[in-house]
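Enquirer: Structure file run.txt (compact mmCIF, C-alpha atoms) is given on the next line.
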# COMPACT_ATOMS: atom_id res chain seq x y z
CA MET A 1 139.36 57.69 60.76
CA ASN A 2 136.72 59.82 59.18
CA ILE A 3 133.55 57.86 58.67
CA THR A 4 130.62 59.50 56.98
CA ILE A 5 127.38 57.87 57.95
CA ARG A 6 124.80 58.35 55.28
CA LYS A 7 121.16 58.25 56.00
CA TYR A 8 119.72 54.82 55.59
CA TYR A 9 116.13 53.76 55.69
CA TYR A 10 114.94 50.22 55.48
CA GLY A 11 115.11 49.38 51.81
CA ASP A 12 117.29 52.37 51.06
CA ILE A 13 120.92 51.52 51.59
CA PRO A 14 123.03 53.98 49.62
CA ASP A 15 125.03 52.56 46.75
CA ASP A 16 128.72 52.55 47.49
CA ASN A 17 131.35 53.70 45.04
CA SER A 18 131.01 50.59 42.94
CA GLY A 19 127.34 51.15 42.48
CA GLU A 20 124.96 53.19 40.45
CA THR A 21 127.18 54.33 37.58
CA ALA A 22 127.96 51.20 35.63
CA ASN A 23 125.61 49.15 33.57
CA SER A 24 122.59 51.31 32.93
CA SER A 25 122.75 51.20 29.18
CA PRO A 26 119.38 52.06 27.63
CA GLU A 27 119.20 48.77 25.80
CA GLY A 28 119.45 47.06 29.18
CA GLY A 29 121.77 44.34 27.98
CA GLY A 30 120.81 40.83 26.93
CA ARG A 31 117.17 41.65 26.41
CA GLU A 32 116.71 38.96 23.80
CA GLY A 33 115.49 35.69 25.23
CA ALA A 34 113.80 37.49 28.11
CA TRP A 35 110.12 36.79 28.60
CA PRO A 36 107.90 39.69 27.56
CA LEU A 37 106.09 41.91 30.04
CA TRP A 38 102.31 41.49 30.44
CA GLU A 39 99.73 43.73 32.05
CA VAL A 40 97.22 41.96 34.27
CA PHE A 41 93.56 42.92 34.65
CA ILE A 42 91.34 41.25 37.22
CA ARG A 43 87.60 41.05 37.69
CA SER A 44 87.05 40.75 41.41
CA LYS A 45 83.46 39.52 41.11
CA GLN A 46 80.66 39.03 38.61
CA GLY A 47 79.17 42.32 37.56
CA LEU A 48 82.32 44.40 37.98
CA ASP A 49 84.85 45.56 35.40
CA HIS A 50 88.26 44.07 35.00
CA LYS A 51 90.72 46.39 36.71
CA HIS A 52 94.44 46.79 36.22
CA ALA A 53 96.23 44.83 38.95
CA GLY A 54 99.89 44.94 37.93
CA SER A 55 102.32 43.36 35.54
CA LEU A 56 104.56 40.33 35.23
CA HIS A 57 106.85 38.51 32.83
CA ALA A 58 105.78 35.29 31.13
CA ALA A 59 106.74 33.29 28.08
CA ASP A 60 103.20 33.21 26.70
CA ALA A 61 99.60 34.14 27.46
CA ARG A 62 98.77 30.95 29.30
CA MET A 63 101.78 31.28 31.57
CA ALA A 64 100.91 34.93 32.13
CA ILE A 65 97.40 33.96 33.26
CA GLU A 66 98.68 31.22 35.54
CA ASN A 67 101.31 33.48 37.07
CA ALA A 68 98.73 36.22 37.47
CA ARG A 69 96.54 33.79 39.37
CA ASP A 70 99.47 32.90 41.65
CA VAL A 71 100.53 36.45 42.42
CA TYR A 72 97.34 38.49 42.21
CA THR A 73 94.57 36.18 43.40
CA ARG A 74 96.04 34.27 46.35
CA ARG A 75 93.23 35.56 48.57
CA ASN A 76 90.25 35.22 46.27
CA GLU A 77 90.75 38.65 44.73
CA GLY A 78 89.55 37.50 41.34
CA ILE A 79 87.25 35.31 39.30
CA SER A 80 88.47 36.34 35.85
CA ILE A 81 91.84 37.44 34.50
CA TRP A 82 92.82 39.29 31.34
CA VAL A 83 96.42 39.60 30.28
CA VAL A 84 97.81 41.67 27.45
CA GLU A 85 101.40 42.14 26.39
CA SER A 86 102.48 45.55 27.63
CA LYS A 87 103.76 46.57 24.21
CA TYR A 88 100.19 46.57 22.89
CA ILE A 89 99.01 49.18 25.40
CA HIS A 90 98.73 52.65 23.91
CA ALA A 91 98.36 55.55 26.28
CA SER A 92 97.53 59.23 26.18
CA SER A 93 100.49 61.47 26.80
CA PRO A 94 100.81 63.16 30.20
CA ASP A 95 102.52 66.11 28.51
CA GLU A 96 99.40 66.82 26.49
CA ALA A 97 96.97 66.09 29.29
CA GLU A 98 96.02 69.70 29.85
CA SER A 99 94.90 70.45 26.31
CA PHE A 100 93.69 66.93 25.70
CA TYR A 101 91.15 66.95 28.52
CA GLU A 102 90.47 70.68 28.43
CA PRO A 103 87.28 70.47 26.28
CA ALA A 104 85.43 68.82 29.16
CA ALA A 105 86.31 71.49 31.66
CA ASP A 106 83.80 74.20 30.66
CA LYS A 107 80.77 72.01 30.08
CA ILE A 108 79.24 72.12 33.49
CA TYR A 109 75.77 71.73 31.92
CA ARG A 110 76.65 68.05 31.49
CA HIS A 111 76.20 67.59 35.21
CA PRO A 112 72.74 67.28 36.78
CA THR A 113 73.64 69.79 39.48
CA PHE A 114 73.78 72.52 36.79
CA TYR A 115 69.99 72.63 36.64
CA ASP A 116 68.32 74.55 39.40
CA LEU A 117 64.78 73.21 39.60
CA PRO A 118 61.99 74.16 42.01
CA ASP A 119 61.76 72.02 45.15
CA GLU A 120 58.26 70.91 44.12
CA VAL A 121 59.70 68.82 41.31
CA LYS A 122 59.98 65.31 42.73
CA HIS A 123 61.69 62.16 41.51
CA MET A 124 64.15 63.88 39.19
CA MET B 1 115.72 63.82 25.02
CA SER B 2 115.06 67.48 24.37
CA MET B 3 116.26 70.15 26.74
CA GLN B 4 114.18 70.46 29.90
CA LEU B 5 112.93 73.85 30.94
CA PRO B 6 114.34 74.97 34.29
CA ASP B 7 110.89 75.25 35.82
CA HIS B 8 110.17 71.55 35.28
CA GLU B 9 111.74 70.90 38.62
CA ASN B 10 109.53 73.49 40.34
CA THR B 11 106.40 72.15 38.73
CA PHE B 12 107.39 68.71 39.88
CA GLN B 13 107.97 69.81 43.47
CA HIS B 14 104.68 71.66 43.45
CA LYS B 15 102.88 68.49 42.42
CA ILE B 16 104.55 66.64 45.28
CA ASP B 17 103.63 69.42 47.71
CA VAL B 18 99.95 69.29 46.81
CA GLU B 19 99.96 65.48 47.05
CA ILE B 20 99.55 64.65 43.37
CA LYS B 21 101.12 61.24 42.76
CA VAL B 22 103.87 60.88 40.19
CA GLU B 23 103.12 58.31 37.48
CA PRO B 24 105.62 56.49 35.24
CA LYS B 25 105.30 58.65 32.12
CA ASP B 26 105.37 61.97 33.99
CA TRP B 27 108.45 64.11 33.94
CA MET B 28 110.61 63.58 37.01
CA PRO B 29 114.08 64.72 38.07
CA GLU B 30 116.74 62.16 37.23
CA ALA B 31 117.77 62.00 40.88
CA TYR B 32 114.20 61.19 41.91
CA ARG B 33 114.11 58.35 39.41
CA LYS B 34 117.49 57.05 40.56
CA THR B 35 116.58 57.21 44.23
CA LEU B 36 113.40 55.27 43.54
CA VAL B 37 115.11 52.65 41.41
CA ARG B 38 117.64 52.11 44.18
CA GLN B 39 115.10 52.04 46.97
CA ILE B 40 112.45 49.94 45.25
CA SER B 41 114.97 47.41 43.97
CA GLN B 42 116.55 47.08 47.42
CA HIS B 43 113.10 46.59 48.81
CA ALA B 44 112.33 43.93 46.17
CA HIS B 45 115.62 42.13 46.83
CA SER B 46 114.81 42.17 50.54
CA GLU B 47 111.56 40.35 49.89
CA ILE B 48 113.28 37.75 47.74
CA VAL B 49 116.29 37.18 49.99
CA GLY B 50 113.91 37.28 52.93
CA MET B 51 112.43 34.00 51.74
CA LEU B 52 115.68 32.18 52.53
CA PRO B 53 115.87 32.35 56.34
CA GLU B 54 112.27 31.14 56.54
CA GLY B 55 112.52 28.65 53.72
CA ASN B 56 115.09 27.03 55.97
CA TRP B 57 112.30 25.89 58.30
CA ILE B 58 109.58 24.77 55.90
CA SER B 59 110.70 21.16 55.91
CA ARG B 60 111.11 21.20 59.70
CA ALA B 61 108.00 23.02 60.84
CA PRO B 62 106.59 21.32 63.96
CA SER B 63 103.15 20.59 62.50
CA LEU B 64 101.31 20.42 59.20
CA LYS B 65 99.41 23.59 60.13
CA ARG B 66 102.60 25.53 60.81
CA LYS B 67 104.13 24.20 57.65
CA ALA B 68 101.19 25.27 55.48
CA ILE B 69 101.24 28.72 57.07
CA LEU B 70 104.98 29.11 56.55
CA ILE B 71 104.72 28.07 52.90
CA ALA B 72 101.94 30.61 52.39
CA LYS B 73 104.03 33.31 54.02
CA VAL B 74 107.12 32.57 51.96
CA GLN B 75 104.99 32.51 48.82
CA ASP B 76 103.67 35.94 49.78
CA GLU B 77 107.23 37.24 50.01
CA ALA B 78 107.86 36.05 46.45
CA GLY B 79 104.74 37.87 45.34
CA HIS B 80 105.83 41.02 47.17
CA GLY B 81 109.17 40.83 45.43
CA LEU B 82 107.35 40.65 42.11
CA TYR B 83 105.09 43.64 42.85
CA LEU B 84 108.18 45.66 43.67
CA TYR B 85 110.24 44.49 40.71
CA SER B 86 107.32 45.51 38.49
CA ALA B 87 107.15 48.93 40.13
CA CYS B 88 110.87 49.29 39.56
CA GLU B 89 110.49 48.38 35.92
CA THR B 90 108.07 51.27 35.36
CA LEU B 91 111.06 53.55 35.95
CA GLY B 92 112.82 52.26 32.87
CA THR B 93 115.09 49.55 34.24
CA THR B 94 114.90 46.00 32.94
CA ARG B 95 114.15 43.08 35.19
CA GLU B 96 117.38 41.32 34.21
CA GLU B 97 119.43 44.34 35.09
CA THR B 98 117.83 44.55 38.51
CA ILE B 99 118.24 40.85 39.25
CA ASN B 100 121.81 40.86 37.95
CA ASP B 101 122.64 43.71 40.31
CA LEU B 102 121.52 41.55 43.23
CA HIS B 103 123.54 38.56 42.05
CA SER B 104 126.67 40.61 41.45
CA ALA B 105 126.32 42.09 44.96
CA LYS B 106 126.13 45.55 43.46
CA ALA B 107 122.63 46.04 44.86
CA LYS B 108 121.91 45.77 48.57
CA TYR B 109 119.07 44.27 50.53
CA SER B 110 117.97 44.59 54.13
CA SER B 111 120.75 43.45 56.45
CA ILE B 112 118.35 41.64 58.70
CA PHE B 113 118.25 38.68 56.32
CA ASN B 114 121.95 38.05 56.83
CA TYR B 115 121.26 36.63 60.27
CA PRO B 116 120.72 32.88 60.65
CA THR B 117 117.46 31.25 61.79
CA LEU B 118 118.72 28.79 64.38
CA THR B 119 115.59 27.40 65.99
CA TRP B 120 111.87 27.14 65.27
CA ALA B 121 111.32 30.03 67.67
CA ASP B 122 113.15 32.22 65.16
CA MET B 123 110.17 31.84 62.83
CA GLY B 124 108.11 33.45 65.55
CA ALA B 125 110.63 36.21 66.24
CA VAL B 126 111.08 36.96 62.55
CA GLY B 127 107.33 37.28 62.06
CA TRP B 128 106.74 39.38 65.15
CA LEU B 129 109.83 41.62 65.05
CA VAL B 130 111.20 41.64 61.51
CA ASP B 131 107.84 41.74 59.77
CA GLY B 132 106.58 44.09 62.45
CA ALA B 133 109.39 46.53 61.70
CA ALA B 134 108.90 46.13 57.96
CA ILE B 135 105.18 46.81 58.26
CA LEU B 136 105.72 50.15 60.00
CA ASN B 137 107.95 51.19 57.13
CA GLN B 138 105.57 49.84 54.53
CA VAL B 139 102.49 51.45 55.99
CA MET B 140 104.30 54.75 55.67
CA LEU B 141 105.25 53.91 52.09
CA CYS B 142 101.59 53.39 51.12
CA ARG B 143 101.56 57.18 50.93
CA THR B 144 104.80 57.54 48.99
CA SER B 145 104.76 60.01 46.10
CA TYR B 146 105.43 57.52 43.29
CA GLY B 147 102.14 55.91 42.22
CA PRO B 148 103.28 52.39 41.27
CA TYR B 149 105.35 52.09 44.47
CA ALA B 150 102.44 53.28 46.61
CA ARG B 151 100.03 50.83 44.93
CA ALA B 152 102.45 47.93 45.42
CA MET B 153 102.72 48.90 49.08
CA VAL B 154 98.96 48.95 49.61
CA ARG B 155 98.76 45.45 48.21
CA ILE B 156 101.69 44.28 50.30
CA CYS B 157 100.38 45.78 53.53
CA LYS B 158 97.06 44.01 53.08
CA GLU B 159 98.85 40.69 52.85
CA GLU B 160 101.56 41.36 55.38
CA SER B 161 99.49 41.70 58.51
CA PHE B 162 99.00 37.95 58.78
CA HIS B 163 102.77 37.53 58.73
CA GLN B 164 103.26 39.43 61.93
CA ARG B 165 100.31 37.80 63.65
CA GLN B 166 101.41 34.27 62.77
CA GLY B 167 104.85 35.09 64.19
CA PHE B 168 103.41 36.33 67.44
CA ASP B 169 101.20 33.25 67.54
CA ILE B 170 104.25 30.98 67.30
CA LEU B 171 105.93 32.81 70.18
CA LEU B 172 102.75 32.82 72.23
CA THR B 173 102.47 29.05 71.88
CA LEU B 174 106.09 28.56 72.90
CA SER B 175 105.72 30.98 75.79
CA ARG B 176 102.95 28.81 77.21
CA GLY B 177 104.89 25.60 76.71
CA THR B 178 107.58 23.71 78.61
CA ALA B 179 110.58 25.30 80.27
CA VAL B 180 112.72 24.46 77.24
CA GLN B 181 110.20 26.04 74.86
CA LYS B 182 110.06 29.18 76.98
CA GLU B 183 113.82 29.37 76.90
CA MET B 184 113.80 28.96 73.13
CA CYS B 185 111.30 31.77 72.84
CA GLN B 186 113.37 34.18 74.96
CA ASP B 187 116.55 33.21 73.13
CA ALA B 188 115.04 34.02 69.74
CA ILE B 189 113.79 37.39 71.00
CA ASN B 190 117.24 38.12 72.41
CA ARG B 191 118.92 37.46 69.08
CA TRP B 192 116.40 39.27 66.84
CA TRP B 193 115.63 42.34 68.91
CA TRP B 194 118.70 44.48 68.15
CA PRO B 195 119.00 43.60 64.47
CA SER B 196 115.29 44.51 64.14
CA LEU B 197 115.96 47.95 65.61
CA MET B 198 118.79 48.37 63.12
CA MET B 199 116.36 47.80 60.24
CA PHE B 200 115.23 51.41 60.58
CA GLY B 201 118.72 52.70 59.82
CA PRO B 202 121.06 55.21 61.52
CA LYS B 203 119.86 57.82 63.97
CA ASP B 204 118.51 60.99 62.41
CA SER B 205 121.21 63.04 64.14
CA GLU B 206 123.93 61.09 62.35
CA SER B 207 122.61 61.79 58.91
CA THR B 208 124.85 64.12 56.95
CA ASN B 209 122.60 64.43 53.93
CA THR B 210 119.83 66.91 53.63
CA ASP B 211 116.85 64.73 53.35
CA GLN B 212 115.75 64.87 49.78
CA SER B 213 113.64 61.74 50.22
CA MET B 214 111.43 63.54 52.73
CA LYS B 215 111.15 66.59 50.49
CA TRP B 216 110.09 64.40 47.59
CA LYS B 217 107.77 62.51 49.93
CA ILE B 218 109.28 59.21 48.98
CA LYS B 219 109.58 58.83 52.75
CA ARG B 220 107.31 60.51 55.23
CA LYS B 221 108.77 59.60 58.59
CA THR B 222 112.32 59.63 59.88
CA ASN B 223 114.26 56.57 61.01
CA ASP B 224 113.99 57.56 64.64
CA GLU B 225 110.27 58.22 64.48
CA LEU B 226 109.60 54.77 63.03
CA ARG B 227 112.02 53.10 65.42
CA GLN B 228 110.40 54.75 68.44
CA GLN B 229 106.97 53.66 67.23
CA PHE B 230 108.29 50.11 66.96
CA VAL B 231 109.84 50.10 70.43
CA ASP B 232 106.66 51.46 71.98
CA MET B 233 104.62 48.71 70.35
CA CYS B 234 106.93 45.83 71.19
CA ALA B 235 107.58 46.91 74.77
CA GLU B 236 103.89 46.40 75.43
CA GLN B 237 103.40 43.28 73.34
CA VAL B 238 106.32 41.42 74.92
CA ARG B 239 104.50 41.40 78.25
CA ILE B 240 101.75 39.26 76.80
CA LEU B 241 104.44 36.73 76.01
CA ASN B 242 105.78 36.97 79.57
CA MET B 243 109.19 37.52 78.01
CA ILE B 244 111.56 40.48 78.13
CA LEU B 245 113.32 42.56 75.51
CA PRO B 246 117.10 42.30 75.96
CA ASP B 247 117.69 45.95 76.88
CA LYS B 248 118.37 47.01 80.47
CA ASP B 249 117.78 50.66 79.53
CA LEU B 250 114.29 50.03 78.26
CA LYS B 251 111.77 51.92 80.41
CA TRP B 252 108.68 54.06 80.13
CA ASN B 253 109.34 57.78 80.08
CA ALA B 254 106.34 59.67 81.44
CA THR B 255 107.62 62.98 80.11
CA THR B 256 108.03 61.96 76.49
CA GLN B 257 105.21 59.42 76.68
CA HIS B 258 107.51 56.95 74.96
CA TYR B 259 109.83 54.14 75.97
CA ASP B 260 113.50 55.04 76.37
CA PHE B 261 115.85 52.40 75.04
CA GLY B 262 119.56 51.58 74.93
CA GLU B 263 122.24 52.42 72.40
CA ILE B 264 122.37 50.36 69.20
CA GLU B 265 125.64 48.67 68.24
CA TRP B 266 126.20 50.54 64.96
CA ASN B 267 129.50 48.90 64.14
CA GLU B 268 127.68 45.63 63.84
CA PHE B 269 125.13 47.21 61.53
CA TRP B 270 127.70 48.65 59.11
CA ASN B 271 129.70 45.48 59.22
CA VAL B 272 126.69 43.47 58.04
CA VAL B 273 125.81 46.07 55.39
CA LYS B 274 129.34 45.77 54.05
CA GLY B 275 128.88 42.06 53.55
CA ASN B 276 130.44 40.63 56.71
CA GLY B 277 127.31 39.43 58.47
CA PRO B 278 126.86 35.80 59.49
CA CYS B 279 125.04 34.77 56.29
CA ASN B 280 125.79 37.34 53.56
CA LYS B 281 127.75 34.87 51.42
CA GLN B 282 125.32 32.05 51.91
CA ARG B 283 122.33 34.20 50.93
CA LEU B 284 123.83 35.44 47.69
CA GLU B 285 125.08 32.01 46.78
CA ALA B 286 121.61 30.57 47.29
CA ARG B 287 120.11 33.25 45.01
CA ARG B 288 122.69 32.72 42.28
CA LYS B 289 122.34 28.95 42.46
CA ALA B 290 118.56 29.17 42.17
CA HIS B 291 118.89 31.46 39.16
CA GLU B 292 121.47 29.30 37.41
CA GLU B 293 119.65 26.07 38.09
CA GLY B 294 116.44 27.60 36.78
CA GLU B 295 118.07 28.40 33.45
CA TRP B 296 116.79 25.26 31.73
CA VAL B 297 113.25 25.97 32.93
CA ARG B 298 113.34 29.45 31.42
CA GLU B 299 114.70 28.06 28.19
CA ALA B 300 112.13 25.29 28.04
CA ALA B 301 109.29 27.73 28.67
CA ALA B 302 110.53 30.02 25.91
CA ALA B 303 110.83 27.10 23.49
CA TYR B 304 107.36 25.88 24.41
CA ALA B 305 105.91 29.36 23.91
CA GLU B 306 107.57 29.54 20.51
CA LYS B 307 106.03 26.22 19.53
CA ARG B 308 102.59 27.25 20.74
CA LYS B 309 102.61 30.40 18.66
CA THR B 310 101.43 28.31 15.75
CA LYS B 311 98.25 27.35 17.62
CA PRO B 312 95.69 29.64 19.27
CA GLN B 313 96.19 29.63 23.05
CA THR B 314 93.17 31.26 24.59
CA PRO B 315 89.92 32.58 23.15
CA LYS B 316 90.84 35.79 21.36
CA GLY B 317 89.51 39.22 22.20
CA ALA B 318 88.01 40.89 25.21
CA LEU B 319 84.51 39.59 24.63
CA ALA B 320 85.62 36.02 24.45
CA ALA B 321 87.83 36.46 27.49
CA ALA B 322 85.09 38.11 29.48
Let me see the structure of the file written as structure tokens.
Expert:
Amino acid sequence: MNITIRKYYYGDIPDDNSGETANSSPEGGGREGAWPLWEVFIRSKQGLDHKHAGSLHAADARMAIENARDVYTRRNEGISIWVVESKYIHASSPDEAESFYEPAADKIYRHPTFYDLPDEVKHM
Amino acid sequence: MSMQLPDHENTFQHKIDVEIKVEPKDWMPEAYRKTLVRQISQHAHSEIVGMLPEGNWISRAPSLKRKAILIAKVQDEAGHGLYLYSACETLGTTREETINDLHSAKAKYSSIFNYPTLTWADMGAVGWLVDGAAILNQVMLCRTSYGPYARAMVRICKEESFHQRQGFDILLTLSRGTAVQKEMCQDAINRWWWPSLMMFGPKDSESTNTDQSMKWKIKRKTNDELRQQFVDMCAEQVRILNMILPDKDLKWNATTQHYDFGEIEWNEFWNVVKGNGPCNKQRLEARRKAHEEGEWVREAAAAYAEKRKTKPQTPKGALAAA
């Protein structure tokens, strides 16, 4: 018998013949009734910004906050949580990143190191 | 989608080569996306199914302390599953699709969870060996090329180290106990050792595929490298337990500066992957049952959310929330 052993890492078992092809319709199938996706932002302590921690599904904002507490702050990682439905996040496009951020590239005079001052100048 | 320029692929590989992480909205080869979806979802399923062998012992833990620890550990696994499902979703799959693939047995999960947990000592062996093996893999994955996967891994690794330590602690306690407890300890190690070695997958020499995963830096170490690292670690740690690893060929090799070890029973491995392990059926049935029996909860939550839409839920706006 001719057995082909495919490379397998933990968490990476190859799909067999039945796998992979079927059922990847763009609409995902049965999306209605599913809880929406929320993005979670956590403030780790007073004085710091809220920072993106991850995402989760929840039926409403309260459930999203409670679930966020359970999954993202089990070890005192947070003292304040923001959640926002993912569909309300607007993002800059990676395809346009080059031109979009280009204007900042040639303005080195915005950085303090641009200015070459005599050593005698203190506290500046 | 519009036609992709042929050099997209080169640009992508260049990014990988210079260690720039790939983020969800960036262009990526379809095969890269597919490989990640498969790997991350299998990883997520492994976390979720992995709760079952341990959940088996929550109600029978020998003390309140052990019980609280085990609950915390199993809860962590659920969280890890969620981090990974979320990472998977950033690649354009829906959560339902991913979960359905587990329930229909189309998707795979780590074979290790198809072995039964027969005694309390198994909780120790699972923590020490199974989590130990998983951690080696996961530490490597913290540097994987796909941003959301790498970030999930960093979070998971931070939480996971207590899992391995609590396992070793269980075994250490048993190893200092009565003759029966010592026997239990050795028995659990005997049963979990070989399946743990199998977790790293086939030997590198038996791989027929060119390793695209390494080229894309999804993976950064080979199966054999990770497995050797694991053997070297455990061969030393087992002495502290005054136990032995069930391998007569295990011995230090001064030339390679590593431990040599015996041949793995690969037929057993493939048999379990194909669904014929001791607990494959039981595990999937438990997952399906939990999902079906949770249906009314999901419906109730949706109905409640609908009802609440008429009333304000939380203070509106960032300033109020801050």
Enquirer: Quick check, in Å to one decimal: how far apart do atom CA of A:Glu77 and atom CA of A:Asp49 lie?
Expert: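 Atom CA of A:Asp49 lies at a distance of 13.0 Å from atom CA of A:Glu77.
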Enquirer: Please, what distance in Å, to one decimal, runs between atom CA of A:Arg62 and atom CA of B:Leu91?
Expert: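 Distance between the two atoms: 26.6 Å.
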Enquirer: Could you build a table of the residues in chain B lying no more than 7 Å from chain A, giving for each the nearest pair of atoms and their separation in Å rounded to one decimal place, using all atoms listed in the file, ordered by chain and ascending residue number, as CSV?
Expert:
residue,atom,partner,partner_atom,distance
B:Lys25,CA,A:Pro94,CA,6.6
B:Asp26,CA,A:Pro94,CA,6.0
B:Arg38,CA,A:Asp12,CA,6.9
B:Gln39,CA,A:Asp12,CA,4.7
B:Gln42,CA,A:Gly11,CA,5.2
B:His43,CA,A:Gly11,CA,4.6
B:Gly79,CA,A:Val71,CA,5.3
B:Ser86,CA,A:Ser55,CA,6.2
B:Thr94,CA,A:Gly28,CA,6.0
B:Glu97,CA,A:Gly28,CA,6.5
B:Lys106,CA,A:Gly19,CA,5.8
B:Lys108,CA,A:Ile13,CA,6.6
B:Tyr109,CA,A:Gly11,CA,6.6
B:Ser110,CA,A:Gly11,CA,6.0
B:Met199,CA,A:Tyr10,CA,5.5
B:Phe200,CA,A:Tyr10,CA,5.2
B:Gly201,CA,A:Tyr8,CA,4.8
B:Pro202,CA,A:Tyr8,CA,6.1
B:Glu206,CA,A:Ile5,CA,6.5
B:Ser207,CA,A:Lys7,CA,4.8
B:Thr208,CA,A:Arg6,CA,6.0
B:Asn209,CA,A:Arg6,CA,6.6
B:Asn223,CA,A:Tyr9,CA,6.3
B:Ala301,CA,A:Ala59,CA,6.1
B:Ala302,CA,A:Ala59,CA,5.5
B:Ala305,CA,A:Asp60,CA,5.5
B:Gln313,CA,A:Arg62,CA,6.9
B:Ala321,CA,A:Trp82,CA,6.9
Enquirer: Rounded to one decimal in Å, what is the spacing between atom CA of B:Met51 and atom CA of B:Lys203?
Expert: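 Separation between atom CA of B:Met51 and atom CA of B:Lys203: 27.8 Å.
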Enquirer: From the options B:Ile218, B:Ala133, B:Leu245, B:Leu82, which residue's atoms come nearest to B:Ser41, counting only C-alpha atoms?
Expert: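 Distance minimum relative to B:Ser41 lands on B:Leu82.
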Enquirer: Of the candidates A:Phe114, A:Glu66, A:Ala104, A:His52, which one gets nearest to B:Pro148 if we count all atoms listed in the file?
Expert: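 Among A:Phe114, A:Glu66, A:Ala104, A:His52, it is A:His52 that comes nearest to B:Pro148.
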Enquirer: May I ask which of the residues B:Glu225, B:Glu9, B:Ala87, B:Ser104 is the closest one to B:Arg288, counting all atoms listed in the file?
Expert: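 When distances to B:Arg288 are compared using all atoms listed in the file, the smallest one comes from B:Ser104.
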